[in-house]
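For reference, input16.cif is printed below; it contains mmCIF, C-alpha atoms (C1' of nucleotides).
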data_entry
#
loop_
_atom_site.label_atom_id
_atom_site.label_comp_id
_atom_site.auth_asym_id
_atom_site.auth_seq_id
_atom_site.Cartn_x
_atom_site.Cartn_y
_atom_site.Cartn_z
CA MET A 26 118.84 126.63 10.76
CA SER A 27 121.05 129.27 9.24
CA THR A 28 120.28 131.69 12.04
CA ARG A 29 123.72 132.07 13.52
CA ASP A 30 124.58 134.81 15.97
CA ARG A 31 126.13 137.96 14.53
CA ALA A 32 125.91 141.40 16.05
CA VAL A 33 122.26 140.98 16.97
CA PRO A 34 122.39 139.63 20.50
CA ASP A 35 119.41 137.29 20.41
CA ALA A 36 119.13 133.67 19.32
CA GLY A 37 121.98 131.33 20.21
CA ALA A 38 124.04 133.84 22.12
CA LEU A 39 121.42 134.28 24.81
CA ASP A 40 120.80 130.55 24.87
CA ARG A 41 124.42 129.81 25.59
CA LEU A 42 124.72 132.72 27.98
CA PHE A 43 121.75 131.87 30.16
CA GLY A 44 122.46 128.20 29.69
CA VAL A 45 125.84 128.61 31.35
CA LEU A 46 124.33 130.69 34.13
CA ALA A 47 121.62 128.11 34.78
CA ASP A 48 124.09 125.65 36.28
CA PRO A 49 125.19 126.23 39.89
CA THR A 50 128.58 124.62 39.34
CA ARG A 51 129.21 126.88 36.38
CA ARG A 52 128.21 129.94 38.37
CA ARG A 53 130.60 128.92 41.14
CA ILE A 54 133.37 128.42 38.61
CA LEU A 55 132.70 131.87 37.21
CA GLU A 56 132.67 133.43 40.65
CA THR A 57 135.91 131.70 41.52
CA LEU A 58 137.60 132.90 38.37
CA VAL A 59 136.32 136.43 38.88
CA HIS A 60 137.21 136.79 42.54
CA ALA A 61 140.25 134.54 42.89
CA GLY A 62 141.83 135.17 39.50
CA PRO A 63 142.76 132.72 36.72
CA ARG A 64 142.94 129.04 37.58
CA THR A 65 143.72 125.78 35.85
CA ALA A 66 141.16 123.03 35.41
CA THR A 67 142.89 120.80 37.96
CA GLU A 68 143.03 123.56 40.52
CA LEU A 69 139.31 124.19 40.07
CA ALA A 70 138.60 120.48 40.29
CA GLY A 71 140.18 120.54 43.75
CA ASP A 72 137.49 122.91 44.99
CA PHE A 73 134.52 121.14 43.43
CA THR A 74 134.06 117.48 44.43
CA ILE A 75 133.60 116.64 40.73
CA THR A 76 136.23 115.33 38.34
CA ARG A 77 138.69 117.46 36.41
CA GLN A 78 137.09 116.24 33.20
CA ALA A 79 133.72 117.52 34.30
CA VAL A 80 135.29 120.89 35.09
CA VAL A 81 136.93 120.92 31.67
CA LYS A 82 133.59 120.24 30.03
CA HIS A 83 132.02 123.10 31.94
CA LEU A 84 134.87 125.37 30.94
CA GLN A 85 134.44 124.40 27.30
CA VAL A 86 130.76 125.25 27.44
CA MET A 87 131.59 128.52 29.14
CA ALA A 88 134.26 129.28 26.56
CA ASP A 89 131.75 128.58 23.81
CA ALA A 90 129.50 131.16 25.40
CA GLY A 91 132.42 133.62 25.52
CA MET A 92 132.45 133.63 29.29
CA VAL A 93 135.99 132.39 29.86
CA ALA A 94 139.22 132.43 27.87
CA SER A 95 142.00 129.86 28.04
CA GLU A 96 145.63 130.86 28.17
CA ARG A 97 148.39 128.31 28.00
CA THR A 98 151.68 128.73 29.85
CA GLY A 99 154.00 125.79 29.46
CA ARG A 100 152.17 122.60 30.16
CA ASP A 101 149.21 123.93 32.11
CA VAL A 102 146.29 125.99 30.87
CA ARG A 103 144.72 128.67 33.01
CA TYR A 104 141.27 130.00 32.45
CA ARG A 105 140.25 133.55 33.17
CA ALA A 106 136.77 135.03 33.27
CA THR A 107 135.72 137.32 30.45
CA THR A 108 132.62 138.89 31.91
CA ASP A 109 132.07 141.36 29.12
CA CYS A 110 129.57 139.04 27.49
CA LEU A 111 127.31 139.28 30.51
CA ALA A 112 126.29 142.68 29.19
CA THR A 113 124.21 140.84 26.59
CA ALA A 114 122.21 139.17 29.32
CA VAL A 115 121.73 142.43 31.18
CA THR A 116 120.64 144.12 27.98
CA TRP A 117 117.96 141.54 27.38
CA LEU A 118 116.76 141.74 30.96
CA LEU A 119 116.55 145.50 30.73
CA ALA A 120 114.65 145.29 27.46
CA THR A 121 112.19 142.78 28.90
CA GLY A 122 111.47 144.20 32.32
CA PRO A 123 108.74 146.85 32.00
CA ALA A 124 109.81 149.42 34.59
CA TRP A 125 113.43 148.68 35.13
CA ASP A 126 114.96 152.09 35.43
CA ARG A 127 113.75 152.81 38.93
CA ARG A 128 114.54 149.32 40.15
CA LEU A 129 117.92 149.50 38.55
CA ALA A 130 118.68 152.76 40.27
CA ARG A 131 117.85 151.11 43.56
CA LEU A 132 120.09 148.17 42.81
CA ARG A 133 123.02 150.34 41.88
CA ARG A 134 122.67 152.29 45.09
CA SER A 135 123.22 149.20 47.26
CA MET B 30 110.74 124.25 49.95
CA SER B 31 110.99 127.10 52.42
CA THR B 32 113.66 128.79 50.35
CA ARG B 33 111.78 131.84 49.22
CA ASP B 34 113.18 135.24 48.41
CA ARG B 35 116.12 136.18 50.56
CA ALA B 36 118.55 139.00 50.62
CA VAL B 37 121.07 136.51 49.31
CA PRO B 38 119.58 134.68 46.35
CA ASP B 39 119.79 130.97 47.01
CA ALA B 40 121.13 128.65 44.39
CA GLY B 41 117.80 127.07 43.52
CA ALA B 42 116.18 130.37 42.69
CA LEU B 43 118.97 131.33 40.33
CA ASP B 44 118.88 127.85 38.79
CA ARG B 45 115.21 128.16 38.00
CA LEU B 46 115.55 131.76 36.94
CA PHE B 47 118.41 131.31 34.50
CA GLY B 48 117.02 127.94 33.53
CA VAL B 49 113.86 129.58 32.29
CA LEU B 50 115.81 132.27 30.50
CA ALA B 51 118.04 129.71 28.79
CA ASP B 52 115.23 128.56 26.52
CA PRO B 53 114.40 130.69 23.48
CA THR B 54 110.76 129.64 23.49
CA ARG B 55 110.41 130.63 27.11
CA ARG B 56 112.03 133.99 26.45
CA ARG B 57 109.61 134.59 23.60
CA ILE B 58 106.69 133.65 25.82
CA LEU B 59 107.90 136.09 28.44
CA GLU B 60 108.35 138.83 25.87
CA THR B 61 104.88 138.18 24.52
CA LEU B 62 103.30 138.33 27.96
CA VAL B 63 105.20 141.49 28.83
CA HIS B 64 104.51 143.39 25.64
CA ALA B 65 101.13 142.03 24.56
CA GLY B 66 99.57 141.53 27.97
CA PRO B 67 98.09 138.38 29.58
CA ARG B 68 97.33 135.43 27.34
CA THR B 69 95.95 131.94 27.67
CA ALA B 70 97.99 128.86 26.88
CA THR B 71 96.01 128.14 23.73
CA GLU B 72 96.42 131.69 22.48
CA LEU B 73 100.16 131.44 23.02
CA ALA B 74 100.25 128.06 21.30
CA GLY B 75 98.86 129.77 18.23
CA ASP B 76 101.92 131.96 17.94
CA PHE B 77 104.48 129.22 18.59
CA THR B 78 104.39 126.26 16.19
CA ILE B 79 104.53 123.94 19.23
CA THR B 80 101.62 122.24 20.97
CA ARG B 81 99.50 123.81 23.66
CA GLN B 82 100.74 121.14 26.05
CA ALA B 83 104.31 122.19 25.46
CA VAL B 84 103.37 125.79 26.14
CA VAL B 85 101.63 124.75 29.33
CA LYS B 86 104.74 122.90 30.44
CA HIS B 87 106.83 125.97 29.79
CA LEU B 88 104.37 128.12 31.71
CA GLN B 89 104.47 125.73 34.65
CA VAL B 90 108.26 125.92 34.75
CA MET B 91 108.08 129.68 34.50
CA ALA B 92 105.48 129.83 37.26
CA ASP B 93 107.71 127.67 39.43
CA ALA B 94 110.44 130.24 38.89
CA GLY B 95 108.03 133.02 39.85
CA MET B 96 108.12 134.51 36.39
CA VAL B 97 104.45 134.23 35.51
CA ALA B 98 101.21 134.05 37.47
CA SER B 99 98.04 132.26 36.39
CA GLU B 100 94.62 133.78 36.79
CA ARG B 101 91.48 131.83 36.02
CA THR B 102 88.35 133.43 34.64
CA GLY B 103 85.61 130.96 33.90
CA ARG B 104 87.00 128.09 31.90
CA ASP B 105 90.14 129.67 30.52
CA VAL B 106 93.29 130.59 32.40
CA ARG B 107 95.35 133.59 31.46
CA TYR B 108 98.94 134.01 32.38
CA ARG B 109 100.60 137.32 33.06
CA ALA B 110 104.29 138.09 33.43
CA THR B 111 105.65 138.87 36.87
CA THR B 112 109.02 140.30 36.02
CA ASP B 113 109.93 141.36 39.53
CA CYS B 114 111.88 138.17 40.03
CA LEU B 115 114.27 139.14 37.27
CA ALA B 116 115.86 141.51 39.75
CA THR B 117 117.48 138.47 41.35
CA ALA B 118 119.22 137.65 38.11
CA VAL B 119 120.35 141.23 37.65
CA THR B 120 121.62 141.32 41.22
CA TRP B 121 123.75 138.26 40.67
CA LEU B 122 125.10 139.61 37.41
CA LEU B 123 125.99 142.87 39.07
CA ALA B 124 127.69 141.07 41.94
CA THR B 125 129.70 138.88 39.56
CA GLY B 126 130.80 141.36 36.94
CA PRO B 127 133.97 143.07 38.15
CA ALA B 128 133.59 146.59 36.75
CA TRP B 129 129.92 146.87 36.07
CA ASP B 130 129.15 150.38 37.11
CA ARG B 131 130.66 152.08 34.10
CA ARG B 132 129.24 149.56 31.69
CA LEU B 133 125.87 149.80 33.35
CA ALA B 134 125.86 153.54 33.01
CA ARG B 135 126.50 153.11 29.31
CA LEU B 136 123.65 150.63 28.99
CA ARG B 137 121.18 152.85 30.78
CA ARG B 138 122.06 155.73 28.54
CA SER B 139 120.95 153.87 25.41
"C1'" DT C 29 167.09 110.77 30.36
"C1'" DC C 30 163.20 109.31 32.73
"C1'" DC C 31 159.32 109.97 35.78
"C1'" DG C 32 155.48 112.53 37.44
"C1'" DA C 33 152.10 116.01 36.90
"C1'" DG C 34 148.88 118.17 33.72
"C1'" DT C 35 146.16 118.15 29.59
"C1'" DG C 36 143.24 116.24 25.63
"C1'" DC C 37 140.26 112.96 23.58
"C1'" DA C 38 136.82 109.35 23.36
"C1'" DA C 39 133.55 106.05 24.96
"C1'" DC C 40 130.07 105.26 28.04
"C1'" DC C 41 126.10 105.83 31.42
"C1'" DA C 42 122.19 108.05 33.64
"C1'" DT C 43 119.26 111.56 33.98
"C1'" DC C 44 116.72 115.61 32.58
"C1'" DG C 45 113.87 118.09 29.70
"C1'" DA C 46 111.32 119.55 25.51
"C1'" DG C 47 107.88 117.93 22.81
"C1'" DT C 48 104.26 114.84 21.40
"C1'" DT C 49 99.81 112.12 21.60
"C1'" DG C 50 95.69 110.58 23.83
"C1'" DC C 51 92.03 111.07 26.75
"C1'" DA C 52 89.13 112.74 30.63
"C1'" DC C 53 87.03 116.72 32.79
"C1'" DA C 54 85.02 121.41 32.87
"C1'" DT C 55 82.68 125.16 30.93
"C1'" DC C 56 80.30 128.22 27.58
"C1'" DA C 57 76.86 128.76 23.80
"C1'" DG C 58 73.16 127.16 20.87
"C1'" DC D 23 70.53 118.90 26.80
"C1'" DT D 24 74.20 118.75 23.64
"C1'" DG D 25 78.04 119.93 21.11
"C1'" DA D 26 82.16 122.66 20.87
"C1'" DT D 27 85.97 124.73 22.95
"C1'" DG D 28 89.45 124.91 26.57
"C1'" DT D 29 92.02 122.92 30.38
"C1'" DG D 30 94.47 119.12 33.06
"C1'" DC D 31 96.84 114.83 33.55
"C1'" DA D 32 99.63 110.90 32.13
"C1'" DA D 33 102.57 108.12 29.28
"C1'" DC D 34 105.85 108.03 25.81
"C1'" DT D 35 109.89 109.30 22.63
"C1'" DC D 36 114.30 111.15 22.01
"C1'" DG D 37 118.02 114.18 22.02
"C1'" DA D 38 121.02 117.02 25.12
"C1'" DT D 39 123.84 117.10 28.99
"C1'" DG D 40 126.40 116.37 33.47
"C1'" DG D 41 129.38 113.09 35.05
"C1'" DT D 42 132.44 109.18 34.96
"C1'" DT D 43 136.50 106.13 33.56
"C1'" DG D 44 140.42 105.04 30.72
"C1'" DC D 45 144.20 106.04 28.00
"C1'" DA D 46 147.48 108.63 25.11
"C1'" DC D 47 150.21 112.70 24.77
"C1'" DT D 48 153.10 116.61 26.43
"C1'" DC D 49 155.94 119.14 29.21
"C1'" DG D 50 159.00 120.29 33.21
"C1'" DG D 51 162.31 119.04 36.72
"C1'" DA D 52 165.56 116.06 39.29
#

Can the structure in the file be given as C-alpha coordinates, please?
Amino acid sequence: MSTRDRAVPDAGALDRLFGVLADPTRRRILETLVHAGPRTATELAGDFTITRQAVVKHLQVMADAGMVASERTGRDVRYRATTDCLATAVTWLLATGPAWDRRLARLRRS
Amino acid sequence: MSTRDRAVPDAGALDRLFGVLADPTRRRILETLVHAGPRTATELAGDFTITRQAVVKHLQVMADAGMVASERTGRDVRYRATTDCLATAVTWLLATGPAWDRRLARLRRS
DNA sequence: TCCGAGTGCAACCATCGAGTTGCACATCAG
DNA sequence: CTGATGTGCAACTCGATGGTTGCACTCGGA
(Lines of atoms letter the chains of each structure in order from A and count residues from 1; the text may use other names and numbers.)
(Lines give C-alpha, C1' and ligand atoms only; values in the text may rest on other atoms or scores of the structure.)
Protein backbone atom coordinates (compact mmCIF):
# COMPACT_ATOMS: atom_id res chain seq x y z
CA MET A 1 0.00 0.00 0.00
CA SER A 2 1.36 3.39 -0.92
CA THR A 3 -1.17 5.13 1.29
CA ARG A 4 1.15 6.75 3.76
CA ASP A 5 0.02 9.45 6.15
CA ARG A 6 0.58 13.04 5.04
CA ALA A 7 -1.46 16.01 6.14
CA VAL A 8 -4.73 14.12 5.87
CA PRO A 9 -5.24 12.72 9.35
CA ASP A 10 -6.85 9.40 8.48
CA ALA A 11 -5.31 6.04 7.63
CA GLY A 12 -2.23 4.98 9.57
CA ALA A 13 -2.07 7.97 11.85
CA LEU A 14 -5.37 7.18 13.50
CA ASP A 15 -4.46 3.50 13.64
CA ARG A 16 -1.29 4.22 15.55
CA LEU A 17 -2.96 6.86 17.67
CA PHE A 18 -5.88 4.77 18.84
CA GLY A 19 -3.67 1.71 18.91
CA VAL A 20 -1.48 3.32 21.53
CA LEU A 21 -4.50 4.46 23.51
CA ALA A 22 -6.03 0.99 23.45
CA ASP A 23 -3.42 -0.39 25.84
CA PRO A 24 -3.88 0.37 29.56
CA THR A 25 -0.15 0.26 30.26
CA ARG A 26 0.46 2.76 27.50
CA ARG A 27 -2.24 5.05 28.82
CA ARG A 28 -0.70 4.89 32.28
CA ILE A 29 2.71 5.69 30.83
CA LEU A 30 1.23 8.67 29.03
CA GLU A 31 -0.53 9.88 32.14
CA THR A 32 2.65 9.52 34.15
CA LEU A 33 4.66 11.48 31.62
CA VAL A 34 2.00 14.18 31.42
CA HIS A 35 1.44 14.64 35.13
CA ALA A 36 4.82 13.76 36.62
CA GLY A 37 7.04 15.16 33.88
CA PRO A 38 9.71 13.46 31.75
CA ARG A 39 11.03 10.10 32.90
CA THR A 40 13.55 7.54 31.77
CA ALA A 41 12.57 4.03 30.74
CA THR A 42 14.10 2.51 33.87
CA GLU A 43 12.30 4.94 36.12
CA LEU A 44 9.00 4.07 34.45
CA ALA A 45 9.78 0.38 34.71
CA GLY A 46 9.98 0.85 38.48
CA ASP A 47 6.34 1.88 38.60
CA PHE A 48 4.99 -0.83 36.30
CA THR A 49 5.71 -4.42 37.38
CA ILE A 50 6.84 -5.15 33.80
CA THR A 51 10.40 -5.15 32.50
CA ARG A 52 12.31 -2.12 31.30
CA GLN A 53 12.46 -3.67 27.86
CA ALA A 54 8.70 -3.90 27.70
CA VAL A 55 8.47 -0.24 28.71
CA VAL A 56 10.98 0.65 26.00
CA LYS A 57 8.91 -1.20 23.43
CA HIS A 58 5.82 0.68 24.51
CA LEU A 59 7.70 3.95 24.31
CA GLN A 60 8.90 3.12 20.81
CA VAL A 61 5.35 2.44 19.69
CA MET A 62 4.23 5.65 21.31
CA ALA A 63 7.06 7.57 19.68
CA ASP A 64 6.08 6.10 16.34
CA ALA A 65 2.61 7.48 16.91
CA GLY A 66 4.11 10.87 17.77
CA MET A 67 2.91 10.67 21.34
CA VAL A 68 6.25 10.90 23.12
CA ALA A 69 9.66 12.34 22.28
CA SER A 70 13.01 11.07 23.53
CA GLU A 71 15.69 13.42 24.75
CA ARG A 72 19.12 12.18 25.68
CA THR A 73 21.18 13.75 28.45
CA GLY A 74 24.45 12.00 29.06
CA ARG A 75 23.91 8.31 29.37
CA ASP A 76 20.21 8.25 30.16
CA VAL A 77 17.29 9.05 27.89
CA ARG A 78 14.19 10.75 29.19
CA TYR A 79 10.89 10.64 27.45
CA ARG A 80 8.37 13.44 27.53
CA ALA A 81 4.77 13.41 26.39
CA THR A 82 3.89 15.27 23.21
CA THR A 83 0.13 15.39 23.47
CA ASP A 84 -0.41 17.61 20.47
CA CYS A 85 -1.11 14.59 18.30
CA LEU A 86 -4.13 13.73 20.40
CA ALA A 87 -5.92 16.52 18.56
CA THR A 88 -6.14 14.18 15.58
CA ALA A 89 -8.09 11.69 17.64
CA VAL A 90 -10.39 14.37 18.99
CA THR A 91 -10.94 15.69 15.49
CA TRP A 92 -12.04 12.30 14.26
CA LEU A 93 -14.32 11.78 17.23
CA LEU A 94 -15.90 15.16 16.66
CA ALA A 95 -16.38 14.41 12.98
CA THR A 96 -17.99 11.05 13.74
CA GLY A 97 -20.27 11.86 16.62
CA PRO A 98 -23.56 13.23 15.23
CA ALA A 99 -24.50 15.85 17.83
CA TRP A 100 -21.27 16.57 19.56
CA ASP A 101 -21.39 20.29 20.08
CA ARG A 102 -23.85 20.25 22.94
CA ARG A 103 -22.21 17.29 24.60
CA LEU A 104 -18.84 18.89 24.17
CA ALA A 105 -20.04 22.07 25.79
CA ARG A 106 -21.17 20.03 28.76
CA LEU A 107 -17.84 18.27 29.00
CA ARG A 108 -15.88 21.47 28.90
CA ARG A 109 -17.99 22.92 31.66
CA SER A 110 -17.01 20.18 34.13
CA MET B 1 -18.80 -7.79 34.53
CA SER B 2 -20.52 -5.23 36.73
CA THR B 3 -18.21 -2.50 35.51
CA ARG B 4 -20.66 -0.38 33.61
CA ASP B 5 -20.53 3.34 33.03
CA ARG B 6 -19.07 5.23 35.94
CA ALA B 7 -18.11 8.77 36.57
CA VAL B 8 -14.53 7.57 36.34
CA PRO B 9 -14.13 5.49 33.20
CA ASP B 10 -12.71 2.13 34.18
CA ALA B 11 -9.79 0.69 32.31
CA GLY B 12 -11.74 -2.01 30.54
CA ALA B 13 -14.17 0.42 28.97
CA LEU B 14 -11.37 2.54 27.58
CA ASP B 15 -9.58 -0.58 26.37
CA ARG B 16 -12.60 -1.70 24.41
CA LEU B 17 -13.38 1.80 23.24
CA PHE B 18 -9.95 2.67 21.90
CA GLY B 19 -9.50 -0.92 20.80
CA VAL B 20 -12.46 -0.58 18.48
CA LEU B 21 -11.26 2.76 17.22
CA ALA B 22 -7.77 1.41 16.51
CA ASP B 23 -9.00 -0.63 13.55
CA PRO B 24 -9.56 1.19 10.25
CA THR B 25 -12.29 -1.22 9.17
CA ARG B 26 -14.15 -0.67 12.40
CA ARG B 27 -13.87 3.09 12.04
CA ARG B 28 -15.25 2.86 8.53
CA ILE B 29 -18.11 0.70 9.75
CA LEU B 30 -18.89 3.25 12.42
CA GLU B 31 -18.75 6.10 9.94
CA THR B 32 -21.03 4.21 7.60
CA LEU B 33 -23.57 3.51 10.32
CA VAL B 34 -23.46 7.11 11.51
CA HIS B 35 -23.76 8.78 8.13
CA ALA B 36 -25.78 6.26 6.13
CA GLY B 37 -28.04 4.97 8.87
CA PRO B 38 -28.60 1.40 10.16
CA ARG B 39 -27.36 -1.47 8.02
CA THR B 40 -27.28 -5.23 8.16
CA ALA B 41 -24.06 -7.19 8.30
CA THR B 42 -24.45 -8.44 4.75
CA GLU B 43 -25.09 -4.96 3.43
CA LEU B 44 -21.95 -3.73 5.16
CA ALA B 45 -19.99 -6.69 3.83
CA GLY B 46 -20.85 -5.49 0.36
CA ASP B 47 -18.99 -2.25 0.90
CA PHE B 48 -15.91 -3.78 2.55
CA THR B 49 -14.05 -6.39 0.49
CA ILE B 50 -14.01 -8.65 3.57
CA THR B 51 -16.41 -11.46 4.41
CA ARG B 52 -19.72 -11.03 6.14
CA GLN B 53 -18.39 -13.13 9.00
CA ALA B 54 -15.53 -10.72 9.52
CA VAL B 55 -17.98 -7.84 9.57
CA VAL B 56 -20.11 -9.67 12.11
CA LYS B 57 -17.07 -10.20 14.30
CA HIS B 58 -16.27 -6.52 14.13
CA LEU B 59 -19.85 -5.65 14.97
CA GLN B 60 -19.79 -7.98 17.97
CA VAL B 61 -16.64 -6.31 19.27
CA MET B 62 -18.20 -2.92 18.69
CA ALA B 63 -21.39 -3.98 20.44
CA ASP B 64 -19.33 -5.21 23.37
CA ALA B 65 -17.81 -1.74 23.55
CA GLY B 66 -21.29 -0.21 23.47
CA MET B 67 -20.67 1.41 20.12
CA VAL B 68 -23.43 -0.25 18.12
CA ALA B 69 -26.79 -1.82 18.94
CA SER B 70 -28.46 -4.65 17.03
CA GLU B 71 -32.13 -4.63 16.19
CA ARG B 72 -33.80 -7.61 14.60
CA THR B 73 -36.67 -7.30 12.16
CA GLY B 74 -37.81 -10.61 10.77
CA ARG B 75 -34.84 -12.56 9.55
CA ASP B 76 -32.32 -9.79 9.14
CA VAL B 77 -30.58 -7.81 11.86
CA ARG B 78 -29.68 -4.18 11.41
CA TYR B 79 -27.06 -2.44 13.41
CA ARG B 80 -27.16 1.21 14.33
CA ALA B 81 -24.41 3.35 15.81
CA THR B 82 -24.67 4.40 19.44
CA THR B 83 -22.05 7.09 19.62
CA ASP B 84 -22.83 8.20 23.14
CA CYS B 85 -20.06 6.03 24.49
CA LEU B 86 -17.49 8.03 22.58
CA ALA B 87 -17.87 10.67 25.25
CA THR B 88 -15.80 8.44 27.52
CA ALA B 89 -12.92 8.57 25.09
CA VAL B 90 -13.21 12.33 24.74
CA THR B 91 -13.32 12.69 28.51
CA TRP B 92 -10.11 10.76 28.91
CA LEU B 93 -8.41 12.74 26.17
CA LEU B 94 -9.47 15.98 27.78
CA ALA B 95 -8.24 14.82 31.17
CA THR B 96 -4.88 13.76 29.74
CA GLY B 97 -4.05 16.63 27.44
CA PRO B 98 -2.40 19.38 29.47
CA ALA B 99 -3.64 22.53 27.76
CA TRP B 100 -6.68 21.38 25.91
CA ASP B 101 -9.07 24.23 26.37
CA ARG B 102 -7.46 26.56 23.89
CA ARG B 103 -6.90 23.85 21.35
CA LEU B 104 -10.43 22.63 21.81
CA ALA B 105 -11.80 26.08 21.20
CA ARG B 106 -9.88 26.16 17.96
CA LEU B 107 -11.24 22.78 16.92
CA ARG B 108 -14.83 23.73 17.65
CA ARG B 109 -14.47 26.85 15.59
CA SER B 110 -13.67 24.90 12.42
C1' DT C 1 41.32 3.37 35.28
C1' DC C 2 37.78 0.35 36.37
C1' DC C 3 33.19 -0.77 37.94
C1' DG C 4 28.35 -0.05 38.08
C1' DA C 5 24.25 1.84 36.20
C1' DG C 6 21.67 2.73 32.01
C1' DT C 7 20.68 1.89 27.23
C1' DG C 8 20.21 -0.78 22.70
C1' DC C 9 19.62 -4.83 20.05
C1' DA C 10 18.15 -9.49 19.01
C1' DA C 11 16.10 -13.90 19.72
C1' DC C 12 12.43 -16.19 21.56
C1' DC C 13 7.68 -17.44 23.42
C1' DA C 14 2.73 -17.10 24.08
C1' DT C 15 -1.29 -15.06 23.19
C1' DC C 16 -4.61 -12.28 20.74
C1' DG C 17 -7.09 -10.95 16.91
C1' DA C 18 -8.49 -10.37 12.03
C1' DG C 19 -9.94 -13.04 8.49
C1' DT C 20 -11.37 -17.22 6.23
C1' DT C 21 -14.19 -21.49 5.19
C1' DG C 22 -17.85 -24.67 6.08
C1' DC C 23 -22.14 -25.84 7.62
C1' DA C 24 -26.56 -25.70 10.21
C1' DC C 25 -30.63 -23.02 11.26
C1' DA C 26 -34.23 -19.52 10.34
C1' DT C 27 -37.09 -16.90 7.47
C1' DC C 28 -39.24 -14.83 3.30
C1' DA C 29 -41.17 -15.47 -1.41
C1' DG C 30 -42.78 -18.22 -5.25
C1' DC D 1 -43.72 -27.18 0.12
C1' DT D 2 -39.48 -25.68 -1.66
C1' DG D 3 -35.81 -22.92 -2.90
C1' DA D 4 -33.26 -18.77 -2.01
C1' DT D 5 -31.49 -15.50 1.03
C1' DG D 6 -29.74 -14.18 5.55
C1' DT D 7 -28.00 -15.22 10.13
C1' DG D 8 -25.27 -17.89 13.74
C1' DC D 9 -21.71 -20.91 15.29
C1' DA D 10 -17.29 -23.33 15.16
C1' DA D 11 -12.75 -24.54 13.63
C1' DC D 12 -8.76 -23.10 11.42
C1' DT D 13 -4.74 -20.15 9.63
C1' DC D 14 -1.48 -16.67 10.32
C1' DG D 15 0.52 -12.41 11.31
C1' DA D 16 0.97 -8.82 14.99
C1' DT D 17 2.10 -7.87 19.54
C1' DG D 18 3.13 -7.79 24.65
C1' DG D 19 6.46 -9.72 27.35
C1' DT D 20 10.67 -12.08 28.55
C1' DT D 21 15.82 -13.19 28.77
C1' DG D 22 20.53 -12.47 27.44
C1' DC D 23 24.28 -9.88 26.02
C1' DA D 24 27.02 -6.03 24.15
C1' DC D 25 27.88 -1.20 24.41
C1' DT D 26 28.28 3.43 26.61
C1' DC D 27 28.82 6.69 29.95
C1' DG D 28 29.70 8.71 34.63
C1' DG D 29 31.89 8.66 39.10
C1' DA D 30 35.01 7.06 42.81

Q | Residue members of the PyMOL selection byres ((chain D) within 10 of (chain B)) in the file shown, as a VMD selection string | A | chain D and resid 27 to 30

**Q.** Output check: residues returned by the PyMOL selection byres ((chain B and resi 59) around 9), as a ChimeraX atom specification
**A.** /A:121 /B:54-58,60-64,91,96-97,109-110,112

For chain C, which residues have at least one atom within 10 Å of chain A, if we go by only C-alpha atoms (C1' of nucleotides)? Write them as a PDB file with C-alpha atoms (C1' of nucleotides), in the frame of the given file, please.
ATOM      1  C1'  DA C  33     152.100 116.010  36.900  1.00  0.00           C
ATOM      2  C1'  DG C  34     148.880 118.170  33.720  1.00  0.00           C
ATOM      3  C1'  DT C  35     146.160 118.150  29.590  1.00  0.00           C
ATOM      4  C1'  DG C  36     143.240 116.240  25.630  1.00  0.00           C
TER       5       DG C  36
END

Q: Apply the PyMOL selection byres ((chain B and resi 46) around 12) to the structure shown and report the selected residues as a VMD selection string.
A: (chain A and resid 43 to 44 46 to 49 118) or (chain B and resid 38 to 45 47 to 52 55 to 56 90 to 97 112 to 119 121)

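Here atom CA of B:Gln89 is placed at a distance of 19.5 Å from atom CA of B:Ala65.
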
Q.
Measuring between all atoms listed in the file, which one of B:Gly75, B:Gly103, B:Gly126, B:Gly66 shows the shortest distance to chain A?
A. B:Gly126
